[in-house]
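Take a look at the structure set out below.
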Amino acid sequence: MSPPRSAAQKTAAKDEVIQIRAPRQAKVLFGQAAALRGQKLSEFMLDCAYRQAEATLLDQRTFFVDEEAHARFLALLDAPPAISTDAVRRLQRKAPWEA
């Protein structure tokens, strides 16, 4: 099932065209997934692309903090925690495929 859409999304005019070329296998896969959701292929692809675009943008957001929080953040970056002996031991052991 697709995510809930806002009223603006539901009533927005569809006046732009996006064209893509894809391998036949991809089109078949997308078509099967769209059918499972009860959507047209174009609706399914637009929903998926929209969600991925939002996730990409949210992943790159800038966060603003006051001067005190910024100073604490910089102090944490300048003084990372000491590496535990357990972590050192794990990093030094051979991987199972190297043993």
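Scheme for the structure tokens: letters A, B, ... for chains in order shown; per-chain residue numbers from 1; ligand numbers from 1 in order shown.
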request  = For segment 18-28 of chain A, please output as a list in words all residues within 12 Å (counting only C-alpha atoms; exclusion window: fewer than 2 positions along the same chain).
outcome  =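 Once the nearby chain positions are removed, what remains is Lys14, Asp15, Glu16, Phe30, Gly31, Gln32, Ala33, Ala34, Ala35, Leu41, Ser42, Phe44, Met45, Leu46 and Ala49 of chain A.
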task = Please identify which residues in chain A DSSP calls helix (DSSP H, G or I) from the backbone, and express them as a ChimeraX atom specification.
result = /A:7-11,24-37,41-59,67-78,85-92
